[in-house]
Every structure is written in C-alpha cells, then in structure tokens.
>>> print(open('data15.cif').read())   # mmCIF, C-alpha atoms
data_model
#
loop_
_atom_site.label_atom_id
_atom_site.label_comp_id
_atom_site.auth_asym_id
_atom_site.auth_seq_id
_atom_site.Cartn_x
_atom_site.Cartn_y
_atom_site.Cartn_z
CA MET F 1 0.00 0.00 0.00
CA ASN F 2 2.79 2.34 0.82
CA LEU F 3 3.77 2.90 -2.75
CA VAL F 4 0.58 4.93 -2.92
CA LYS F 5 1.99 7.12 -0.19
CA ILE F 6 5.36 7.24 -1.92
CA GLY F 7 3.49 8.28 -5.06
CA ASN F 8 2.02 11.19 -3.16
CA LEU F 9 5.47 12.19 -1.97
CA ILE F 10 6.99 12.47 -5.40
CA ILE F 11 5.60 15.81 -6.53
CA PRO F 12 6.28 17.72 -3.29
CA ILE F 13 9.80 16.32 -3.15
CA VAL F 14 10.53 17.24 -6.76
CA VAL F 15 9.41 20.81 -6.05
CA LEU F 16 11.43 20.94 -2.84
CA LEU F 17 14.59 19.61 -4.48
CA ILE F 18 14.37 22.06 -7.37
CA ILE F 19 14.00 25.01 -5.02
CA ILE F 20 16.80 23.95 -2.68
CA TYR F 21 19.10 23.28 -5.63
CA ALA F 22 18.24 26.65 -7.17
CA LEU F 23 18.88 28.48 -3.89
CA ARG F 24 22.29 26.87 -3.64
CA LYS F 25 23.00 28.05 -7.19
CA LYS F 26 21.91 31.54 -6.09
CA VAL F 27 19.02 31.77 -8.55
CA LYS F 28 16.48 34.51 -7.80
CA ILE F 29 13.77 31.92 -7.55
CA TYR F 30 10.75 34.18 -7.24
CA ASP F 31 11.67 36.28 -10.29
CA SER F 32 12.55 33.16 -12.20
CA PHE F 33 9.21 31.55 -11.31
CA ILE F 34 7.29 34.61 -12.52
CA ILE F 35 9.10 34.68 -15.86
CA GLY F 36 8.37 31.00 -16.38
CA ALA F 37 4.77 31.37 -15.22
CA LYS F 38 4.15 34.11 -17.78
CA GLU F 39 5.50 31.85 -20.48
CA GLY F 40 3.27 29.07 -19.18
CA LEU F 41 0.20 31.25 -19.45
CA GLU F 42 1.03 32.17 -23.04
CA LEU F 43 1.66 28.51 -23.77
CA ALA F 44 -1.68 27.47 -22.27
CA ILE F 45 -3.58 30.09 -24.24
CA SER F 46 -1.78 29.15 -27.44
CA VAL F 47 -2.87 25.51 -27.13
CA LEU F 48 -6.52 26.31 -26.37
CA PRO F 49 -7.72 26.18 -30.01
CA TYR F 50 -6.10 22.79 -30.50
CA LEU F 51 -7.53 21.47 -27.27
CA VAL F 52 -11.03 22.65 -28.20
CA ALA F 53 -10.80 21.28 -31.74
CA MET F 54 -9.62 17.90 -30.61
CA LEU F 55 -11.98 17.44 -27.66
CA PHE F 56 -14.91 18.60 -29.77
CA ALA F 57 -14.31 16.07 -32.52
CA THR F 58 -13.43 13.13 -30.27
CA ASN F 59 -16.48 13.80 -28.14
CA ILE F 60 -18.81 13.63 -31.15
CA LEU F 61 -17.26 10.33 -32.17
CA LEU F 62 -17.48 8.86 -28.67
CA LYS F 63 -21.04 10.00 -27.99
CA SER F 64 -22.34 8.78 -31.36
CA ASN F 65 -22.05 5.28 -29.93
CA ILE F 66 -20.46 3.99 -33.12
CA LEU F 67 -17.71 2.26 -31.18
CA ASN F 68 -20.26 -0.19 -29.81
CA TYR F 69 -20.84 -1.37 -33.37
CA VAL F 70 -17.15 -1.56 -34.06
CA PHE F 71 -16.90 -3.93 -31.07
CA ASP F 72 -19.29 -6.32 -32.78
CA ILE F 73 -17.08 -6.42 -35.85
CA PHE F 74 -14.05 -7.23 -33.71
CA SER F 75 -15.70 -9.70 -31.38
CA PRO F 76 -14.90 -12.87 -33.40
CA VAL F 77 -11.24 -11.83 -33.37
CA ILE F 78 -11.13 -11.29 -29.63
CA ASP F 79 -13.06 -14.48 -28.97
CA PHE F 80 -10.43 -16.29 -30.96
CA PHE F 81 -7.63 -14.87 -28.83
CA LYS F 82 -9.60 -15.45 -25.61
CA ILE F 83 -9.46 -11.78 -24.72
CA PRO F 84 -12.28 -10.77 -22.37
CA LYS F 85 -14.54 -8.62 -24.50
CA GLU F 86 -15.19 -6.17 -21.69
CA ILE F 87 -11.69 -4.85 -22.37
CA LEU F 88 -12.42 -3.89 -25.98
CA PRO F 89 -14.17 -0.54 -25.34
CA MET F 90 -11.21 0.54 -23.32
CA ALA F 91 -8.71 -0.59 -25.95
CA LEU F 92 -10.51 1.36 -28.66
CA VAL F 93 -10.98 4.52 -26.62
CA ARG F 94 -7.45 4.52 -25.19
CA SER F 95 -5.88 6.11 -28.29
CA ILE F 96 -8.58 8.74 -28.64
CA SER F 97 -9.32 10.10 -25.20
CA GLY F 98 -7.42 9.68 -21.95
CA ASN F 99 -10.35 10.91 -19.89
CA ALA F 100 -12.79 8.53 -21.55
CA SER F 101 -10.54 5.52 -21.16
CA PHE F 102 -9.90 6.44 -17.54
CA ALA F 103 -13.65 6.50 -17.00
CA VAL F 104 -13.99 3.08 -18.63
CA MET F 105 -11.21 1.76 -16.42
CA VAL F 106 -12.91 3.05 -13.27
CA ASP F 107 -16.12 1.42 -14.44
CA LEU F 108 -14.45 -1.94 -15.08
CA ILE F 109 -12.70 -1.85 -11.71
CA LYS F 110 -15.98 -0.97 -10.04
CA ASN F 111 -17.90 -3.78 -11.76
CA PHE F 112 -15.33 -6.56 -11.76
CA GLY F 113 -13.14 -5.56 -8.83
CA PRO F 114 -9.55 -4.29 -8.86
CA ASP F 115 -8.15 -7.78 -8.34
CA SER F 116 -10.06 -9.37 -11.22
CA TYR F 117 -8.42 -10.34 -14.50
CA ILE F 118 -10.38 -7.61 -16.28
CA GLY F 119 -9.72 -4.98 -13.64
CA ARG F 120 -6.02 -5.66 -13.81
CA ILE F 121 -5.82 -5.57 -17.59
CA ALA F 122 -7.72 -2.27 -17.57
CA SER F 123 -5.27 -0.80 -15.06
CA ALA F 124 -2.34 -2.05 -17.10
CA ILE F 125 -3.64 -0.57 -20.35
CA GLN F 126 -4.32 2.77 -18.71
CA GLY F 127 -0.88 2.81 -17.11
CA SER F 128 1.39 1.60 -19.89
CA THR F 129 0.53 4.05 -22.65
CA ASP F 130 -0.62 7.61 -23.23
CA THR F 131 -3.34 9.07 -25.44
CA THR F 132 -1.90 9.09 -28.95
CA ILE F 133 -4.33 11.44 -30.65
CA TYR F 134 -4.30 13.93 -27.78
CA VAL F 135 -0.52 14.09 -27.70
CA LEU F 136 -0.12 14.37 -31.46
CA SER F 137 -2.75 17.03 -32.02
CA LEU F 138 -1.69 19.19 -29.08
CA TYR F 139 2.06 19.02 -29.63
CA PHE F 140 2.10 19.27 -33.40
CA GLY F 141 -0.66 21.87 -33.30
CA SER F 142 1.21 24.11 -30.88
CA ILE F 143 4.03 24.71 -33.36
CA GLY F 144 1.92 24.72 -36.52
CA ILE F 145 3.01 21.41 -38.01
CA LYS F 146 0.60 20.40 -40.76
CA LYS F 147 2.18 17.23 -42.09
CA ILE F 148 2.53 14.74 -39.27
CA LYS F 149 3.84 11.99 -41.58
CA TYR F 150 3.96 8.46 -40.16
CA SER F 151 3.61 9.50 -36.49
CA LEU F 152 -0.06 8.53 -36.20
CA TRP F 153 0.62 5.01 -37.46
CA VAL F 154 3.50 4.48 -35.08
CA GLY F 155 1.35 5.82 -32.21
CA LEU F 156 -1.60 3.56 -32.99
CA LEU F 157 0.57 0.48 -33.52
CA THR F 158 2.19 1.28 -30.18
CA ASP F 159 -1.22 1.32 -28.53
CA LEU F 160 -1.99 -2.07 -30.06
CA THR F 161 1.32 -3.36 -28.76
CA CYS F 162 0.44 -2.03 -25.33
CA LEU F 163 -2.88 -3.89 -25.38
CA ILE F 164 -1.27 -7.18 -26.32
CA VAL F 165 1.61 -6.76 -23.88
CA SER F 166 -0.77 -5.85 -21.04
CA ILE F 167 -2.92 -8.92 -21.56
CA ILE F 168 0.07 -11.24 -21.80
CA LEU F 169 1.78 -9.74 -18.76
CA VAL F 170 -1.33 -9.80 -16.57
CA SER F 171 -1.98 -13.42 -17.53
CA PHE F 172 1.63 -14.29 -16.88
CA VAL F 173 2.15 -12.41 -13.62
CA PHE F 174 -1.21 -13.16 -12.00
CA GLY F 175 -1.75 -16.50 -13.74
CA ASN F 176 -5.31 -16.18 -14.95
CA PHE F 177 -6.73 -17.93 -17.94
CA MET T 1 -3.44 14.10 -41.75
CA MET T 2 -4.88 16.08 -38.83
CA ASN T 3 -7.37 17.65 -41.23
CA LYS T 4 -8.51 14.26 -42.44
CA LEU T 5 -8.68 12.75 -38.98
CA TRP T 6 -10.70 15.66 -37.61
CA ALA T 7 -13.16 15.56 -40.48
CA PHE T 8 -13.37 11.78 -40.19
CA PHE T 9 -14.30 11.89 -36.49
CA ILE T 10 -17.02 14.49 -36.98
CA ILE T 11 -18.51 13.12 -40.19
CA ILE T 12 -18.58 9.53 -38.94
CA GLY T 13 -19.92 10.60 -35.56
CA ILE T 14 -22.75 12.78 -36.81
CA THR T 15 -23.76 10.54 -39.72
CA PHE T 16 -23.83 7.50 -37.51
CA ALA T 17 -25.84 9.31 -34.87
CA ILE T 18 -28.44 10.38 -37.44
CA PHE T 19 -28.92 6.83 -38.69
CA SER T 20 -28.94 5.21 -35.27
CA GLY T 21 -31.43 7.68 -33.80
CA ASN T 22 -28.81 9.01 -31.47
CA ILE T 23 -28.89 12.55 -32.80
CA ASP T 24 -30.54 14.14 -29.75
CA ILE T 25 -27.50 13.25 -27.69
CA ILE T 26 -25.12 14.67 -30.32
CA ASN T 27 -27.19 17.83 -30.57
CA LYS T 28 -26.94 18.26 -26.84
CA GLU T 29 -23.23 17.50 -26.87
CA ILE T 30 -22.48 20.07 -29.56
CA ILE T 31 -24.33 22.77 -27.65
CA GLU T 32 -23.24 21.90 -24.13
CA TYR T 33 -19.87 20.22 -24.45
CA PRO T 34 -17.95 23.46 -25.12
CA ASN T 35 -18.66 24.44 -21.49
CA GLU T 36 -17.04 21.25 -20.36
CA ILE T 37 -14.05 21.85 -22.64
CA PHE T 38 -13.73 25.26 -21.07
CA ASN T 39 -13.72 23.70 -17.63
CA ILE T 40 -11.03 21.24 -18.68
CA PHE T 41 -8.99 24.14 -20.02
CA ILE T 42 -9.48 26.27 -16.92
CA SER T 43 -8.35 23.39 -14.72
CA MET T 44 -5.27 22.93 -16.92
CA VAL T 45 -4.09 26.55 -16.90
CA PRO T 46 -2.92 26.95 -13.29
CA LEU T 47 -1.08 23.65 -13.51
CA MET T 48 0.72 24.69 -16.68
CA VAL T 49 1.52 28.11 -15.22
CA ILE T 50 2.91 26.64 -12.02
CA TRP T 51 4.99 23.98 -13.74
CA SER T 52 6.33 26.45 -16.28
CA GLY T 53 7.40 28.60 -13.34
CA ILE T 54 9.07 25.71 -11.57
CA MET T 55 10.62 24.58 -14.82
CA ASN T 56 12.12 28.02 -15.29
CA ILE T 57 13.70 27.86 -11.83
CA ALA T 58 15.13 24.45 -12.67
CA LYS T 59 16.42 25.80 -15.96
CA ASP T 60 18.05 28.88 -14.39
CA ALA T 61 19.69 26.65 -11.81
CA GLY T 62 21.15 24.52 -14.60
CA LEU T 63 19.20 21.49 -13.45
CA LEU T 64 17.53 20.74 -16.78
CA ASN T 65 20.90 20.79 -18.43
CA LYS T 66 22.22 18.38 -15.83
CA ILE T 67 19.40 15.90 -16.40
CA SER T 68 19.90 15.99 -20.14
CA LYS T 69 23.68 15.50 -19.77
CA PHE T 70 22.93 12.45 -17.65
CA MET T 71 20.66 11.07 -20.36
CA SER T 72 22.82 12.12 -23.28
CA PRO T 73 24.36 8.72 -24.08
CA LEU T 74 20.84 7.41 -24.53
CA PHE T 75 19.76 10.47 -26.51
CA LYS T 76 22.60 9.99 -28.96
CA ILE T 77 21.06 6.68 -29.96
CA ILE T 78 17.40 7.75 -29.83
CA PHE T 79 17.77 11.18 -31.43
CA PRO T 80 20.64 10.97 -33.92
CA ASP T 81 19.49 14.17 -35.67
CA ILE T 82 19.72 16.52 -32.69
CA PRO T 83 23.15 18.14 -32.29
CA LYS T 84 24.87 17.46 -28.97
CA GLY T 85 24.08 20.02 -26.27
CA HIS T 86 21.10 21.48 -28.13
CA GLU T 87 18.55 23.17 -25.89
CA SER T 88 15.75 20.87 -27.03
CA LEU T 89 17.46 17.93 -25.32
CA ASP T 90 17.13 19.69 -21.94
CA TYR T 91 13.38 20.00 -22.40
CA ILE T 92 13.01 16.47 -23.74
CA ALA T 93 14.91 15.10 -20.74
CA SER T 94 12.71 17.03 -18.31
CA ASN T 95 9.52 16.06 -20.10
CA LEU T 96 10.43 12.37 -20.01
CA THR T 97 11.55 12.51 -16.38
CA ILE T 98 8.29 14.09 -15.24
CA ASN T 99 6.30 11.61 -17.33
CA MET T 100 8.10 8.75 -15.65
CA LEU T 101 6.97 10.11 -12.31
CA GLY T 102 3.40 9.99 -13.58
CA ILE T 103 2.69 13.74 -13.46
CA HIS T 104 1.41 13.94 -17.02
CA ASN T 105 -0.15 17.40 -17.03
CA ALA T 106 2.96 18.85 -15.47
CA SER T 107 5.10 17.51 -18.26
CA THR T 108 3.12 19.29 -20.98
CA PRO T 109 4.92 22.69 -20.74
CA PHE T 110 8.28 20.93 -21.07
CA GLY T 111 6.99 18.95 -24.03
CA LEU T 112 5.64 22.01 -25.83
CA LYS T 113 8.93 23.83 -25.26
CA ALA T 114 10.79 20.83 -26.61
CA MET T 115 8.66 20.92 -29.77
CA LYS T 116 9.29 24.63 -30.22
CA SER T 117 12.98 24.11 -29.80
CA LEU T 118 12.98 21.13 -32.20
CA ASN T 119 11.21 23.26 -34.77
CA GLU T 120 14.21 25.61 -34.79
CA LEU T 121 16.22 22.71 -36.19
CA ASN T 122 13.48 21.85 -38.62
CA LYS T 123 14.00 22.76 -42.28
CA ASN T 124 10.38 22.62 -43.35
CA LYS T 125 8.37 24.34 -40.60
CA GLU T 126 5.08 22.75 -41.64
CA GLU T 127 6.35 19.22 -41.73
CA ALA T 128 7.13 17.02 -38.74
CA SER T 129 10.84 16.29 -38.40
CA ARG T 130 12.25 12.89 -37.56
CA SER T 131 13.24 13.96 -34.05
CA MET T 132 9.80 15.42 -33.35
CA ILE T 133 8.12 12.18 -34.30
CA THR T 134 10.49 10.14 -32.16
CA PHE T 135 9.88 12.47 -29.23
CA LEU T 136 6.09 12.24 -29.56
CA VAL T 137 6.25 8.49 -30.01
CA LEU T 138 8.05 8.35 -26.66
CA ASN T 139 5.31 10.53 -25.22
CA THR T 140 2.40 8.52 -26.60
CA SER T 141 3.96 5.27 -25.51
CA GLY T 142 3.85 6.84 -22.05
CA VAL T 143 7.00 6.05 -20.16
CA THR T 144 5.40 5.89 -16.71
CA ILE T 145 7.04 4.33 -13.70
CA ILE T 146 4.47 5.28 -11.08
CA ALA T 147 0.93 5.81 -12.33
CA THR T 148 -0.41 7.69 -9.32
CA ASP T 149 -4.01 8.12 -10.50
CA ILE T 150 -4.46 4.42 -11.23
CA LEU T 151 -3.10 3.42 -7.84
CA ALA T 152 -5.56 5.83 -6.24
CA ILE T 153 -8.54 4.26 -8.01
CA ARG T 154 -7.37 0.75 -7.21
CA SER T 155 -7.07 1.47 -3.52
CA MET T 156 -10.41 3.30 -3.54
CA TYR T 157 -12.07 0.06 -4.67
CA ASN T 158 -10.25 -1.96 -2.02
CA ALA T 159 -7.67 -3.83 -4.05
CA THR T 160 -5.88 -6.29 -1.76
CA ASN T 161 -2.64 -4.79 -2.96
CA PRO T 162 -3.22 -1.68 -5.11
CA THR T 163 0.40 -1.49 -6.16
CA ASP T 164 0.77 -5.06 -7.41
CA ILE T 165 -0.13 -3.75 -10.86
CA LEU T 166 3.06 -1.65 -10.94
CA LEU T 167 5.18 -4.64 -11.90
CA VAL T 168 2.97 -5.09 -14.95
CA THR T 169 2.81 -1.40 -15.90
CA ILE T 170 6.54 -0.90 -15.52
CA ILE T 171 7.51 -3.96 -17.58
CA GLY T 172 4.66 -3.13 -19.97
CA THR T 173 5.75 0.44 -20.46
CA ILE T 174 9.36 -0.62 -21.07
CA ILE T 175 8.40 -3.22 -23.68
CA THR T 176 5.89 -0.88 -25.32
CA THR T 177 8.39 1.97 -25.47
CA PHE T 178 11.05 -0.28 -26.91
CA VAL T 179 8.67 -1.56 -29.60
CA ALA T 180 7.57 2.03 -30.28
CA LEU T 181 11.14 3.15 -30.90
CA ILE T 182 11.74 0.22 -33.24
CA LEU T 183 8.50 0.94 -35.14
CA ASP T 184 9.57 4.58 -35.36
CA ARG T 185 12.89 3.55 -36.94
CA ILE T 186 11.25 1.15 -39.37
CA PHE T 187 8.73 3.76 -40.51
CA TYR T 188 11.47 6.34 -40.80
CA TYR T 189 13.58 4.18 -43.10
CA PHE T 190 10.68 3.12 -45.27
CA LYS T 191 8.48 6.19 -45.33
CA GLY T 192 10.25 9.12 -43.73
CA ARG T 193 13.06 9.91 -46.10
#
>>> encode(input="data15.cif", output="structure tokens")
Amino acid sequence: MNLVKIGNLIIPIVVLLIIIYALRKKVKIYDSFIIGAKEGLELAISVLPYLVAMLFATNILLKSNILNYVFDIFSPVIDFFKIPKEILPMALVRSISGNASFAVMVDLIKNFGPDSYIGRIASAIQGSTDTTIYVLSLYFGSIGIKKIKYSLWVGLLTDLTCLIVSIILVSFVFGNF
Amino acid sequence: MMNKLWAFFIIIGITFAIFSGNIDIINKEIIEYPNEIFNIFISMVPLMVIWSGIMNIAKDAGLLNKISKFMSPLFKIIFPDIPKGHESLDYIASNLTINMLGIHNASTPFGLKAMKSLNELNKNKEEASRSMITFLVLNTSGVTIIATDILAIRSMYNATNPTDILLVTIIGTIITTFVALILDRIFYYFKGR
C-alpha cells in the first residue's frame, strides 16, 4: 500500500529539491518563477484552439455510440484470442481520449473488482501508454506542423502493442486464464 | 493528416448518430460540451503556469541541463538528428523525467517547449521532423514508472494490494516503449526519407 503514499510524496519532493538546488546556485527563484509562469500562461492560451478542436471532434465520435458497433465487428477476433470482450471498449478509446478511457477503467474496476483479471488488464492498459491522438494534435498543433507523416501510425501500432503486452503480462504475472 | 482525422471523427460521428437515432445526444453534446471543454482548459491553466514557473527555476539553476547530460548517451542513440548540447534535449529530458513520475499534465509545458525548440532545427516548418516524431512516439507510448491516478482508483475500490499492478505497468511500459522506438525507426527508413 505504501507505494501509494510514496506516489504522493513524489511531486512535493521534486518541487522541494528544485527550489533547494536553485537556492544553492543563487538563482532569484521568485523572479525566475514569474518569468516562467508568464511563459506558461502564453503557452496554455496558445494551445486552447487545438484542445477545443480535438476534444470537440473526439467527443462527437465517442457519444455517437459507433464504437459499440465496431466492437461487434471485432468480437470474433477477440473471442479467438480469448481476450475478455469487456476490455475492448477501453482498448478502442485509449488512443482517442485519456479521460474517456480512464472513466472506462474506473467502471471496469468498479464492476469486476480491482483484483479481477479484467480490472487488472484495464489498469495495465491505462498505465502503460498515453493518449496518442491527444498528444499528437496538441504538440504538433502548438508549433503549426501540418504534415505529421507516419507518427499517427506508429502511435496507434504502439497502442496495439500495449494492449497485447498488457494482456500477456497480466496473464503471466497473476496467472489467470 | 490532422485535417482528415478531424473531419473523419465528426462526419462519422454525426452521420452514424443520425442513422442510429442518437442525434438528440449529439445535438446536446455540440451545444453543451464546449462548457465542459472550457472547464477542462481552466483546470489545466494553473497547472501549466505553475509547472512552467518551476521549470524556469530548474532551468536557471542549470538542473535541466544536468538531467539531459545524464541522459545524453541514450539520446545519442534515440535522437541521432539533434546536435549534442542542443537546448531541445534539456526539455526532452525534463519532459520524459516528469512523465516517468506519472505527473502527465505537469510535463506538458516541457513537451511544448521541446517541440518549439525542435522546430528551430526543422528545415520545413510545416512538416514534422524525424526527431519530433520520435519524441512524440516516446510521449504517446507513455513512459510511466508510477501511475499515481491508477493506484488511487485501485485502492479506492479496495484492491488487496493496489500497487501489485506496478510490476505489470513498468515492464509493460518498457516493452511498449522499446517496440515504439523500433517501429519509429522502421517507418522512418521506409516512409520518412
């Protein structure tokens, strides 16, 4: 359990270490913070249009319920590989929206329990990868890149890898099949 | 690509909703969701401001540079196109370090700065460079050592041992990241040049 507590220690300690280190290097920390904070504000405002555009479009896709039909198409495949089909919504949403997949994970943990096969796979998928489409649109958008080349394909294939690796690892480590 | 993807999401979503009788929900979402987006944004701003401030302190103290020097042998292999000692490497190092600690929102300012800095090396400002793609691939593969939010949920629902999943996420994230970097190389050699 105490890794949870250690987790809560990380951020405060990082902040503390940075400030102590900076004081020893005789940095005017308050002035420095303000300069950085101003930059941060500009940065945040500059990414707003990309954030809005991306959340708007992904939300329409998610709320249209189309993914439920996509599940049906995939279900013979996942039956074949003996993947629990409750995981599929999460796997599909994971690349599109971090918030949505987090919500699905919470739901699965609530319904099946955190120590269930499904609950563990859901946790593993959420923890071992980040939201591809969010990252790409925000980061490329912020500097005005129009041609993102092969990055989307690598990102999506990585998410698929993460799904497969998570299932194998959970089965292997917790021995459930 | 972004143009196509964006159009694809909206067209598919709305068309499907019309044919499946789901359009009331979409109508409501289009009108009301912007408020929610605004809330998400508003909750992001202070965090980005604070971490940009802290990042600036770390930068002025020479800490970012130190982290990137520590990681530089690895960077030479992962980012062959970035000249040694370039500023972007400092930001990349900080972004990855903070990601590993599981503070994703806090790593965003570092990541955006890294992109800006990488774009200075970029010849065609509208086209993603090789280093940018590699950097974002590392970000999307999510190099997380301690996923704080997941542990919190697991303990909230009374997992016997909320942290037992860490072994899986750590090994998982390492394998996934490794595969991601290999995929990135393969795509670069076949499609990038």
>>> resolve_selection(input="data15.cif", expression="the PyMOL selection byres ((chain T and resi 155) around 12)", output="number ranges by chain")
F: 1-5, 106, 109-110, 113-115, 123; T: 148-154, 156-165
>>> atom_distance(input="data15.cif", atom1="atom CA of Ile145 of chain F", atom2="atom CA of Phe190 of chain T")
21.1 Å
>>> atom_distance(input="data15.cif", atom1="atom CA of Val14 of chain F", atom2="atom CA of Gly98 of chain F")
24.7 Å
>>> atom_distance(input="data15.cif", atom1="atom CA of Asn111 of chain F", atom2="atom CA of Thr131 of chain F")
23.8 Å
>>> resolve_selection(input="data15.cif", expression="the PyMOL selection byres ((chain T and resi 145) around 6)", output="list in words")
Met100, Leu101, Thr144, Ile146 and Ile170 of chain T
>>> closest_residue(input="data15.cif", among="F:Val93, F:Ile148, F:Leu160, F:Ile83", to="chain T", atoms="all atoms listed in the file")
F:Ile148
>>> closest_atom_pairs(input="data15.cif", of="segment 23-106 of chain T", to="segment 45-69 of chain F", cutoff="9 Å", atoms="all atoms listed in the file", output="JSON lines")
{"residue": "T:Ile23", "atom": "CA", "partner": "F:Ser64", "partner_atom": "CA", "distance": 7.7}
{"residue": "T:Ile25", "atom": "CA", "partner": "F:Lys63", "partner_atom": "CA", "distance": 7.2}
{"residue": "T:Ile26", "atom": "CA", "partner": "F:Ile60", "partner_atom": "CA", "distance": 6.4}
{"residue": "T:Glu29", "atom": "CA", "partner": "F:Ile60", "partner_atom": "CA", "distance": 7.3}
{"residue": "T:Ile30", "atom": "CA", "partner": "F:Ile60", "partner_atom": "CA", "distance": 7.6}
{"residue": "T:Tyr33", "atom": "CA", "partner": "F:Phe56", "partner_atom": "CA", "distance": 7.5}
{"residue": "T:Pro34", "atom": "CA", "partner": "F:Phe56", "partner_atom": "CA", "distance": 7.4}
{"residue": "T:Ile37", "atom": "CA", "partner": "F:Val52", "partner_atom": "CA", "distance": 6.4}
{"residue": "T:Phe38", "atom": "CA", "partner": "F:Val52", "partner_atom": "CA", "distance": 8.1}
{"residue": "T:Phe41", "atom": "CA", "partner": "F:Leu48", "partner_atom": "CA", "distance": 7.2}
{"residue": "T:Val45", "atom": "CA", "partner": "F:Ile45", "partner_atom": "CA", "distance": 8.2}
>>> residues_around(input="data15.cif", residues="Ile18 of chain F", least_positions_apart="6", cutoff="12 Å", atoms="only C-alpha atoms", output="number ranges by chain")
F: 11-12, 24-25, 27, 29, 33; T: 51, 53-64
>>> write_last_selection(input="data15.cif", atoms="C-alpha atoms", output="PDB file, keeping the file's coordinate frame")
ATOM      1  CA  ILE F  11       5.600  15.810  -6.530  1.00  0.00           C
ATOM      2  CA  PRO F  12       6.280  17.720  -3.290  1.00  0.00           C
ATOM      3  CA  ARG F  24      22.290  26.870  -3.640  1.00  0.00           C
ATOM      4  CA  LYS F  25      23.000  28.050  -7.190  1.00  0.00           C
ATOM      5  CA  VAL F  27      19.020  31.770  -8.550  1.00  0.00           C
ATOM      6  CA  ILE F  29      13.770  31.920  -7.550  1.00  0.00           C
ATOM      7  CA  PHE F  33       9.210  31.550 -11.310  1.00  0.00           C
TER       8      PHE F  33
ATOM      9  CA  TRP T  51       4.990  23.980 -13.740  1.00  0.00           C
ATOM     10  CA  GLY T  53       7.400  28.600 -13.340  1.00  0.00           C
ATOM     11  CA  ILE T  54       9.070  25.710 -11.570  1.00  0.00           C
ATOM     12  CA  MET T  55      10.620  24.580 -14.820  1.00  0.00           C
ATOM     13  CA  ASN T  56      12.120  28.020 -15.290  1.00  0.00           C
ATOM     14  CA  ILE T  57      13.700  27.860 -11.830  1.00  0.00           C
ATOM     15  CA  ALA T  58      15.130  24.450 -12.670  1.00  0.00           C
ATOM     16  CA  LYS T  59      16.420  25.800 -15.960  1.00  0.00           C
ATOM     17  CA  ASP T  60      18.050  28.880 -14.390  1.00  0.00           C
ATOM     18  CA  ALA T  61      19.690  26.650 -11.810  1.00  0.00           C
ATOM     19  CA  GLY T  62      21.150  24.520 -14.600  1.00  0.00           C
ATOM     20  CA  LEU T  63      19.200  21.490 -13.450  1.00  0.00           C
ATOM     21  CA  LEU T  64      17.530  20.740 -16.780  1.00  0.00           C
TER      22      LEU T  64
END
>>> closest_residue(input="data15.cif", among="T:Asn35, T:Ser52, T:Thr15, T:Thr177", to="Ala44 of chain F", atoms="only C-alpha atoms")
T:Ser52
>>> resolve_selection(input="data15.cif", expression="the PyMOL selection byres ((chain T and resi 178) around 12)", output="list of chain:residue names")
F:Thr158, F:Thr161, F:Cys162, F:Val165, T:Ile78, T:Thr134, T:Val137, T:Leu138, T:Ser141, T:Gly142, T:Val143, T:Ile171, T:Gly172, T:Thr173, T:Ile174, T:Ile175, T:Thr176, T:Thr177, T:Val179, T:Ala180, T:Leu181, T:Ile182, T:Leu183, T:Asp184, T:Arg185
>>> write_last_selection(input="data15.cif", atoms="C-alpha atoms", output="PDB file, in the coordinates of the input")
ATOM      1  CA  THR F 158       2.190   1.280 -30.180  1.00  0.00           C
ATOM      2  CA  THR F 161       1.320  -3.360 -28.760  1.00  0.00           C
ATOM      3  CA  CYS F 162       0.440  -2.030 -25.330  1.00  0.00           C
ATOM      4  CA  VAL F 165       1.610  -6.760 -23.880  1.00  0.00           C
TER       5      VAL F 165
ATOM      6  CA  ILE T  78      17.400   7.750 -29.830  1.00  0.00           C
ATOM      7  CA  THR T 134      10.490  10.140 -32.160  1.00  0.00           C
ATOM      8  CA  VAL T 137       6.250   8.490 -30.010  1.00  0.00           C
ATOM      9  CA  LEU T 138       8.050   8.350 -26.660  1.00  0.00           C
ATOM     10  CA  SER T 141       3.960   5.270 -25.510  1.00  0.00           C
ATOM     11  CA  GLY T 142       3.850   6.840 -22.050  1.00  0.00           C
ATOM     12  CA  VAL T 143       7.000   6.050 -20.160  1.00  0.00           C
ATOM     13  CA  ILE T 171       7.510  -3.960 -17.580  1.00  0.00           C
ATOM     14  CA  GLY T 172       4.660  -3.130 -19.970  1.00  0.00           C
ATOM     15  CA  THR T 173       5.750   0.440 -20.460  1.00  0.00           C
ATOM     16  CA  ILE T 174       9.360  -0.620 -21.070  1.00  0.00           C
ATOM     17  CA  ILE T 175       8.400  -3.220 -23.680  1.00  0.00           C
ATOM     18  CA  THR T 176       5.890  -0.880 -25.320  1.00  0.00           C
ATOM     19  CA  THR T 177       8.390   1.970 -25.470  1.00  0.00           C
ATOM     20  CA  VAL T 179       8.670  -1.560 -29.600  1.00  0.00           C
ATOM     21  CA  ALA T 180       7.570   2.030 -30.280  1.00  0.00           C
ATOM     22  CA  LEU T 181      11.140   3.150 -30.900  1.00  0.00           C
ATOM     23  CA  ILE T 182      11.740   0.220 -33.240  1.00  0.00           C
ATOM     24  CA  LEU T 183       8.500   0.940 -35.140  1.00  0.00           C
ATOM     25  CA  ASP T 184       9.570   4.580 -35.360  1.00  0.00           C
ATOM     26  CA  ARG T 185      12.890   3.550 -36.940  1.00  0.00           C
TER      27      ARG T 185
END
>>> closest_residue(input="data15.cif", among="T:Leu5, T:Ile98, T:Ile50, T:Leu118", to="chain F", atoms="all atoms listed in the file")
T:Ile50
